[in-house]
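Peer 1: What follows is the file start13.tsv, containing TSV, C-alpha atoms:
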chain	number	residue	atom	x	y	z
A	153	MET	CA	-32.82	-1.36	-42.53
A	154	ILE	CA	-34.90	-0.57	-45.60
A	155	TYR	CA	-38.44	-1.88	-46.11
A	156	GLU	CA	-40.65	-1.68	-49.16
A	157	LEU	CA	-44.24	-0.92	-48.16
A	158	ILE	CA	-46.56	-3.28	-50.00
A	159	ILE	CA	-50.22	-4.25	-50.30
A	160	GLU	CA	-50.51	-7.71	-48.75
A	161	ASP	CA	-54.24	-8.01	-48.07
A	162	GLU	CA	-57.52	-6.08	-48.09
A	163	LYS	CA	-56.62	-4.30	-44.85
A	164	ASP	CA	-53.66	-2.55	-46.46
A	165	GLU	CA	-54.80	0.87	-47.64
A	166	ILE	CA	-54.54	4.61	-47.14
A	167	THR	CA	-57.18	5.67	-44.65
A	168	ALA	CA	-56.72	9.46	-44.73
A	169	ILE	CA	-54.69	12.33	-46.14
A	170	SER	CA	-53.39	14.81	-43.58
A	171	LEU	CA	-52.35	18.44	-43.94
A	172	VAL	CA	-49.01	18.76	-42.15
A	173	GLU	CA	-46.20	21.22	-41.56
A	174	ASP	CA	-43.37	18.84	-42.42
A	175	PRO	CA	-44.38	16.29	-45.08
A	176	ALA	CA	-42.20	13.20	-45.07
A	177	ILE	CA	-41.90	13.26	-48.85
A	178	GLU	CA	-40.21	16.70	-48.48
A	179	TYR	CA	-42.41	18.45	-51.04
A	180	ASP	CA	-44.72	21.34	-50.17
A	181	PHE	CA	-48.04	22.10	-51.86
A	182	VAL	CA	-49.10	25.33	-53.57
A	183	TYR	CA	-52.36	27.05	-52.74
A	184	PHE	CA	-54.76	29.31	-54.57
A	185	ASP	CA	-57.19	31.90	-53.25
A	186	LYS	CA	-59.36	34.51	-54.90
A	187	GLN	CA	-56.59	37.14	-54.76
A	188	GLU	CA	-54.22	35.08	-56.89
A	189	GLU	CA	-54.13	34.79	-60.65
A	190	VAL	CA	-54.35	31.12	-61.50
A	191	LYS	CA	-53.17	30.18	-64.98
A	192	PHE	CA	-54.03	26.50	-64.66
A	193	ALA	CA	-57.26	26.05	-66.63
A	194	SER	CA	-58.72	23.24	-64.57
A	195	VAL	CA	-58.40	25.37	-61.42
A	196	SER	CA	-59.50	28.69	-63.05
A	197	ASP	CA	-62.11	30.27	-60.77
A	198	GLU	CA	-61.95	27.69	-58.00
A	199	LYS	CA	-61.06	29.03	-54.55
A	200	ARG	CA	-59.39	27.55	-51.49
A	201	LEU	CA	-57.46	24.83	-53.30
A	202	VAL	CA	-54.16	23.22	-52.33
A	203	LEU	CA	-52.22	21.17	-54.86
A	204	GLY	CA	-49.23	18.94	-54.29
A	205	PRO	CA	-47.71	15.46	-54.25
A	206	ILE	CA	-49.27	12.87	-51.96
A	207	LEU	CA	-46.76	10.06	-52.51
A	208	VAL	CA	-43.46	10.02	-54.42
A	209	PRO	CA	-42.15	6.67	-55.73
A	210	ASP	CA	-38.94	5.24	-54.26
A	211	LYS	CA	-38.60	8.16	-51.83
A	212	LYS	CA	-36.84	6.82	-48.72
A	213	ILE	CA	-38.65	7.97	-45.56
A	214	ILE	CA	-37.08	7.53	-42.15
A	215	ARG	CA	-39.16	6.03	-39.34
A	216	VAL	CA	-38.46	4.88	-35.77
A	217	ASP	CA	-39.49	1.45	-34.45
A	218	GLY	CA	-40.77	0.51	-30.99
A	219	GLU	CA	-37.22	-0.01	-29.73
A	220	GLY	CA	-36.16	3.46	-30.79
A	221	LYS	CA	-34.15	2.34	-33.82
A	222	PRO	CA	-34.48	4.24	-37.10
A	223	TYR	CA	-35.32	2.46	-40.34
A	224	TRP	CA	-36.41	3.53	-43.84
A	225	VAL	CA	-39.49	2.75	-45.91
A	226	TYR	CA	-40.51	3.48	-49.50
A	227	LEU	CA	-43.25	2.67	-52.00
A	228	THR	CA	-42.85	1.74	-55.65
A	229	ALA	CA	-44.72	3.54	-58.43
A	230	ASP	CA	-46.88	0.46	-58.99
A	231	THR	CA	-47.95	0.29	-55.34
A	232	ILE	CA	-48.63	4.04	-55.25
A	233	LYS	CA	-50.89	3.73	-58.30
A	234	LYS	CA	-52.84	0.88	-56.70
A	235	LEU	CA	-53.19	2.79	-53.40
A	236	SER	CA	-54.44	5.91	-55.19
A	237	GLU	CA	-57.06	3.85	-57.04
A	238	LEU	CA	-58.20	2.10	-53.84
A	239	TYR	CA	-58.53	5.46	-52.10
A	240	LEU	CA	-61.03	6.62	-54.70
A	241	GLN	CA	-62.80	3.28	-55.04
A	242	LYS	CA	-63.46	3.18	-51.29
A	243	LYS	CA	-64.84	6.74	-51.40
A	244	LYS	CA	-62.34	8.19	-48.92
A	245	THR	CA	-62.05	11.58	-50.59
A	246	ASP	CA	-63.47	13.32	-47.49
A	247	SER	CA	-61.08	11.52	-45.11
A	248	ALA	CA	-58.85	14.43	-44.12
A	249	THR	CA	-56.96	15.16	-40.90
A	250	LEU	CA	-54.84	17.99	-39.57
A	251	GLU	CA	-51.35	16.98	-38.39
A	252	HIS	CA	-52.70	13.41	-38.01
A	253	ASP	CA	-54.91	14.50	-35.14
A	254	GLY	CA	-58.44	13.37	-35.90
A	255	HIS	CA	-60.89	13.93	-38.75
A	256	VAL	CA	-61.39	17.48	-40.05
A	257	SER	CA	-64.64	18.36	-41.79
A	258	ASP	CA	-65.17	20.31	-45.02
A	259	ILE	CA	-61.91	19.20	-46.67
A	260	SER	CA	-62.08	16.99	-49.75
A	261	LEU	CA	-59.78	15.53	-52.36
A	262	VAL	CA	-61.25	16.91	-55.58
A	263	GLU	CA	-58.56	15.91	-58.05
A	264	SER	CA	-56.20	12.92	-58.19
A	265	TRP	CA	-53.71	11.80	-60.82
A	266	ILE	CA	-50.44	9.95	-61.40
A	267	THR	CA	-47.69	11.91	-63.12
A	268	GLU	CA	-46.46	10.60	-66.47
A	269	SER	CA	-43.78	13.21	-67.22
A	270	ARG	CA	-41.52	15.53	-65.22
A	271	THR	CA	-41.84	18.37	-67.71
A	272	LYS	CA	-45.25	17.96	-69.32
A	273	ASP	CA	-47.34	17.12	-66.28
A	274	LYS	CA	-49.53	19.98	-65.05
A	275	SER	CA	-47.63	20.00	-61.75
A	276	ALA	CA	-44.69	21.42	-63.71
A	277	MET	CA	-46.73	24.56	-64.30
A	278	TYR	CA	-46.39	25.28	-60.59
A	279	GLY	CA	-42.63	24.79	-60.46
A	280	MET	CA	-42.65	21.13	-59.45
A	281	SER	CA	-40.36	18.55	-61.02
A	282	LEU	CA	-41.56	15.21	-59.71
A	283	PRO	CA	-40.63	11.63	-60.56
A	284	VAL	CA	-42.90	9.79	-62.98
A	285	GLY	CA	-45.41	7.79	-60.95
A	286	THR	CA	-45.95	10.45	-58.27
A	287	TRP	CA	-49.48	10.59	-56.87
A	288	MET	CA	-50.68	14.20	-57.13
A	289	GLY	CA	-53.79	15.64	-55.53
A	290	THR	CA	-55.81	18.83	-55.24
A	291	MET	CA	-57.81	19.40	-52.07
A	292	LYS	CA	-60.69	21.81	-51.58
A	293	ILE	CA	-60.54	23.56	-48.19
A	294	ASN	CA	-64.00	24.75	-47.18
A	295	ASN	CA	-63.06	24.70	-43.50
A	296	ASP	CA	-62.57	28.39	-42.58
A	297	GLU	CA	-60.28	27.73	-39.62
A	298	VAL	CA	-57.97	25.40	-41.53
A	299	TRP	CA	-57.76	27.75	-44.52
A	300	GLU	CA	-57.18	30.98	-42.58
A	301	ASP	CA	-55.15	29.71	-39.62
A	302	TYR	CA	-53.14	26.88	-41.18
A	303	VAL	CA	-52.88	27.05	-44.99
A	304	LYS	CA	-52.56	30.80	-45.50
A	305	THR	CA	-50.22	31.20	-42.52
A	306	GLY	CA	-47.95	28.38	-43.68
A	307	LYS	CA	-48.54	26.26	-40.58
A	308	VAL	CA	-49.23	23.36	-42.94
A	309	LYS	CA	-47.17	22.99	-46.08
A	310	GLY	CA	-47.87	19.60	-47.57
A	311	PHE	CA	-49.67	16.26	-47.57
A	312	SER	CA	-49.00	13.20	-45.46
A	313	ILE	CA	-50.78	9.86	-45.52
A	314	GLU	CA	-52.25	7.57	-42.89
A	315	GLY	CA	-52.68	3.88	-43.53
A	316	MET	CA	-51.73	0.26	-43.03
A	317	PHE	CA	-49.10	-1.50	-45.15
A	318	GLY	CA	-47.24	-4.75	-45.42
A	319	HIS	CA	-43.44	-4.62	-45.04
A	320	LYS	CA	-40.90	-6.41	-47.20
A	321	LEU	CA	-37.30	-6.26	-46.00
A	322	VAL	CA	-35.10	-5.05	-48.84
A	323	SER	CA	-31.79	-4.29	-47.12
A	324	ASN	CA	-30.17	-4.37	-43.69
A	325	GLU	CA	-28.15	-1.26	-44.55
A	326	MET	CA	-28.93	2.45	-44.57
A	327	PRO	CA	-30.06	3.92	-47.91
A	328	LYS	CA	-27.21	4.94	-50.16
A	329	GLY	CA	-26.49	8.60	-49.60
A	330	ALA	CA	-28.50	8.79	-46.37
A	331	LYS	CA	-26.86	11.16	-43.95
A	332	PHE	CA	-27.61	12.72	-40.60
A	333	ASN	CA	-27.13	16.44	-40.38
A	334	ARG	CA	-24.36	18.05	-38.33
A	335	GLU	CA	-26.63	18.28	-35.30
A	336	TYR	CA	-25.92	14.57	-34.80
A	337	PRO	CA	-22.16	14.21	-35.42
A	338	HIS	CA	-21.89	10.83	-33.70
A	339	LEU	CA	-24.57	9.06	-35.76
A	340	ASN	CA	-23.73	6.94	-38.78
A	341	ASP	CA	-24.66	3.53	-40.18
A	342	GLU	CA	-22.08	1.75	-38.00
A	343	VAL	CA	-23.46	3.30	-34.81
A	344	LEU	CA	-27.05	2.43	-35.74
A	345	MET	CA	-26.14	-1.26	-35.94
A	346	LYS	CA	-25.12	-1.22	-32.27
A	347	SER	CA	-27.37	-1.91	-29.32
A	348	VAL	CA	-27.85	1.04	-26.98
A	349	ALA	CA	-25.79	-0.75	-24.31
A	350	ASP	CA	-22.78	-0.79	-26.65
A	351	MET	CA	-22.96	2.89	-27.61
A	352	THR	CA	-20.79	5.60	-26.15
A	353	GLU	CA	-22.59	8.28	-24.14
A	354	GLU	CA	-22.19	10.76	-27.02
A	355	GLU	CA	-23.64	8.27	-29.52
A	356	ALA	CA	-26.58	7.47	-27.25
A	357	LYS	CA	-27.31	11.16	-26.65
A	358	ASP	CA	-27.33	11.88	-30.38
A	359	LEU	CA	-29.59	8.91	-31.06
A	360	LEU	CA	-32.05	9.93	-28.34
A	361	THR	CA	-32.13	13.53	-29.54
A	362	PHE	CA	-32.60	12.38	-33.14
A	363	ILE	CA	-35.53	10.11	-32.23
A	364	HIS	CA	-37.09	12.93	-30.23
A	365	SER	CA	-36.80	15.27	-33.22
A	366	LEU	CA	-38.81	12.78	-35.30
A	367	LEU	CA	-41.54	12.01	-32.78
A	368	MET	CA	-41.90	15.23	-30.79
A	369	PRO	CA	-40.29	18.11	-32.73
A	370	GLU	CA	-42.39	20.73	-30.96
A	371	VAL	CA	-41.05	19.83	-27.48
A	372	ASP	CA	-37.64	21.13	-26.37
A	373	PHE	CA	-35.27	18.38	-25.38
A	374	GLU	CA	-31.87	20.02	-24.98
A	375	GLN	CA	-29.92	17.77	-22.63
A	376	PRO	CA	-30.73	14.10	-23.10
A	377	SER	CA	-28.69	11.46	-21.35
A	378	ILE	CA	-28.51	7.70	-21.56
A	379	THR	CA	-30.25	7.46	-18.18
A	380	SER	CA	-33.14	9.81	-19.08
A	381	SER	CA	-36.64	8.42	-19.38
A	382	TYR	CA	-37.89	9.29	-22.85
A	383	PRO	CA	-40.74	11.85	-22.62
A	384	GLY	CA	-42.73	10.36	-25.46
A	385	GLU	CA	-44.87	7.34	-26.09
A	386	ALA	CA	-43.03	4.58	-27.94
A	387	ALA	CA	-44.62	3.09	-31.03
A	388	SER	CA	-46.31	-0.25	-30.41
A	389	GLY	CA	-44.55	-3.26	-31.87
A	390	SER	CA	-41.24	-3.31	-33.68
A	391	ILE	CA	-42.59	-1.74	-36.87
A	392	ALA	CA	-45.37	0.83	-36.71
A	393	PRO	CA	-45.41	3.27	-39.63
A	394	ALA	CA	-49.10	4.11	-39.29
A	395	THR	CA	-48.40	7.55	-40.70
A	396	LEU	CA	-45.81	8.91	-43.10
A	397	SER	CA	-45.35	12.44	-41.89
Let me see whether you can do it: turn the structure in this file into structure tokens.

Peer 2:
Amino acid sequence: MIYELIIEDEKDEITAISLVEDPAIEYDFVYFDKQEEVKFASVSDEKRLVLGPILVPDKKIIRVDGEGKPYWVYLTADTIKKLSELYLQKKKTDSATLEHDGHVSDISLVESWITESRTKDKSAMYGMSLPVGTWMGTMKINNDEVWEDYVKTGKVKGFSIEGMFGHKLVSNEMPKGAKFNREYPHLNDEVLMKSVADMTEEEAKDLLTFIHSLLMPEVDFEQPSITSSYPGEAASGSIAPATLS
């Protein structure tokens, strides 16, 4: 299934921007420190800055619901623009987290813009070719631990958002071109339409391993079986994309 994330009421908003190792939008940020020559004029002498995309329009992001079934979500350029404006209007520029694990101090969004060209936008100066309508941001990292132990070491590579959104069902099918990698040879759109009870053991094992890789990638889970109890906490409700990471 594919859902468009939408703004339905005043509760729908982005509540924080997180620094993460594996951003769902699949774009990493670039960072600048005092040892690097920075050609971008608006950055110039600034130190401890990370720059990258926050949200990319129409980018399909895979999620897992409370029943363990994968689905996809995306945001349009218009919704992304509105969310970026609300984020600034509600003065949330200091709302930063690390791997979605609680507030982190001394990290602020200091620059925010929506791209209007793939080639002429300033993000292109750093080797990025992003769709028009992408929300870009620059964050100032004054937190010594985060800068030294996470940014400079590459433990975090990009931005991820936290928030609440309305869901509009767009399609009951998988996104066109969506594929599982060869680690999950038994998964395809036909298998995902089955209930777990109707799956073969190989299909169920691949599905369980795939879900585990999304929710708990840091925990080894080498031999799942259809009778195993899942060693992770299921999302509450049937749809719970509180974070896009």

Peer 1: Here is a test: counting all atoms listed in the file, which residue of A:Asp230, A:Glu314, A:Glu160, A:Glu251 is nearest to Thr286 of chain A?

Peer 2: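 Using all atoms listed in the file, the shortest distance to Thr286 of chain A belongs to A:Asp230.
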
Peer 1: Rounded to one decimal, what separation in Å do you get between atom CA of Gly285 of chain A and atom CA of Leu157 of chain A?

Peer 2: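 One can read the atom CA of Gly285 of chain A to atom CA of Leu157 of chain A distance as 15.5 Å.
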
Peer 1: Of the candidates A:Ile159, A:Leu282, A:Ile169, A:Met351, which shows the shortest atom-to-atom distance to Gly254 of chain A, using all atoms listed in the file?

Peer 2: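 When distances to Gly254 of chain A are compared using all atoms listed in the file, the smallest one comes from A:Ile169.
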
Peer 1: Find the axis-aligned box for segment 262-265 of chain A, covering all its listed atoms and adding 5 Å on each side, and write its centre and edge lengths in Å to one decimal as JSON.

Peer 2:
{"center_x": -57.5, "center_y": 14.4, "center_z": -58.2, "size_x": 17.5, "size_y": 15.1, "size_z": 15.2}

Peer 1: Quick check, in Å to one decimal: how far apart do atom CA of Val208 of chain A and atom CA of Ala248 of chain A lie?

Peer 2: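 Spanning atom CA of Val208 of chain A to atom CA of Ala248 of chain A is a straight-line distance of 19.0 Å.
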
Peer 1: Compare A:Asp246, A:Val216, A:Val172, A:Val225 by their minimum atom-to-atom distance to Leu359 of chain A, counting all atoms listed in the file, and give me the closest one.

Peer 2: A:Val216

Peer 1: Would you work out the distance separating atom CA of Pro222 of chain A from atom CA of Pro283 of chain A, expressed in Å to one decimal?

Peer 2: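 Taking atom CA of Pro222 of chain A as the start and atom CA of Pro283 of chain A as the end point, the length is 25.4 Å.
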
Peer 1: Considering all atoms listed in the file, state which residue in the set A:Glu156, A:Glu300, A:Glu237, A:Asp161 is at the smallest distance from Val322 of chain A.

Peer 2: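 The answer is A:Glu156, which sits nearest to Val322 of chain A.
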
Peer 1: Mind checking which residues fall within 12 Å of Met288 of chain A, counting only C-alpha atoms, ignoring those fewer than 2 positions away in the same chain, and posting them as a PyMOL selection string?

Peer 2: chain A and resi 169+179-182+202-209+232-233+236+261-268+273-276+280-286+290-291+310-312

Peer 1: Nearest to Gly289 of chain A among A:Met277, A:Leu321, A:Leu201, A:Leu360, with distances taken over all atoms listed in the file: which residue is it?

Peer 2: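 The shortest atom-to-atom distance to Gly289 of chain A comes from A:Leu201.
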
Peer 1: Would you please work out which residue, of A:Ser257, A:Thr361, A:Thr245, A:Ser269, is nearest to Asp296 of chain A when using all atoms listed in the file?

Peer 2: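 Distance minimum relative to Asp296 of chain A lands on A:Ser257.
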
Peer 1: With all atoms listed in the file as the counted atoms, please give the residues lying no more than 8 Å from Asp210 of chain A, apart from itself and same-chain residues fewer than 3 positions off, as a JSON list (two decimals) with C-alpha atoms, in the coordinates of the input.

Peer 2:
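File produced: selection_12.json:
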[["chain", "number", "residue", "atom", "x", "y", "z"],
["A", 226, "TYR", "CA", -40.51, 3.48, -49.50],
["A", 227, "LEU", "CA", -43.25, 2.67, -52.00],
["A", 228, "THR", "CA", -42.85, 1.74, -55.65],
["A", 229, "ALA", "CA", -44.72, 3.54, -58.43]]

Peer 1: Hey, what's within 6 Å of Trp224 of chain A if we count all atoms listed in the file and toss same-chain stuff fewer than 3 positions away? As a list in words, please?

Peer 2: Ile154, Lys212, Ile213, Ile214 and Arg215 of chain A
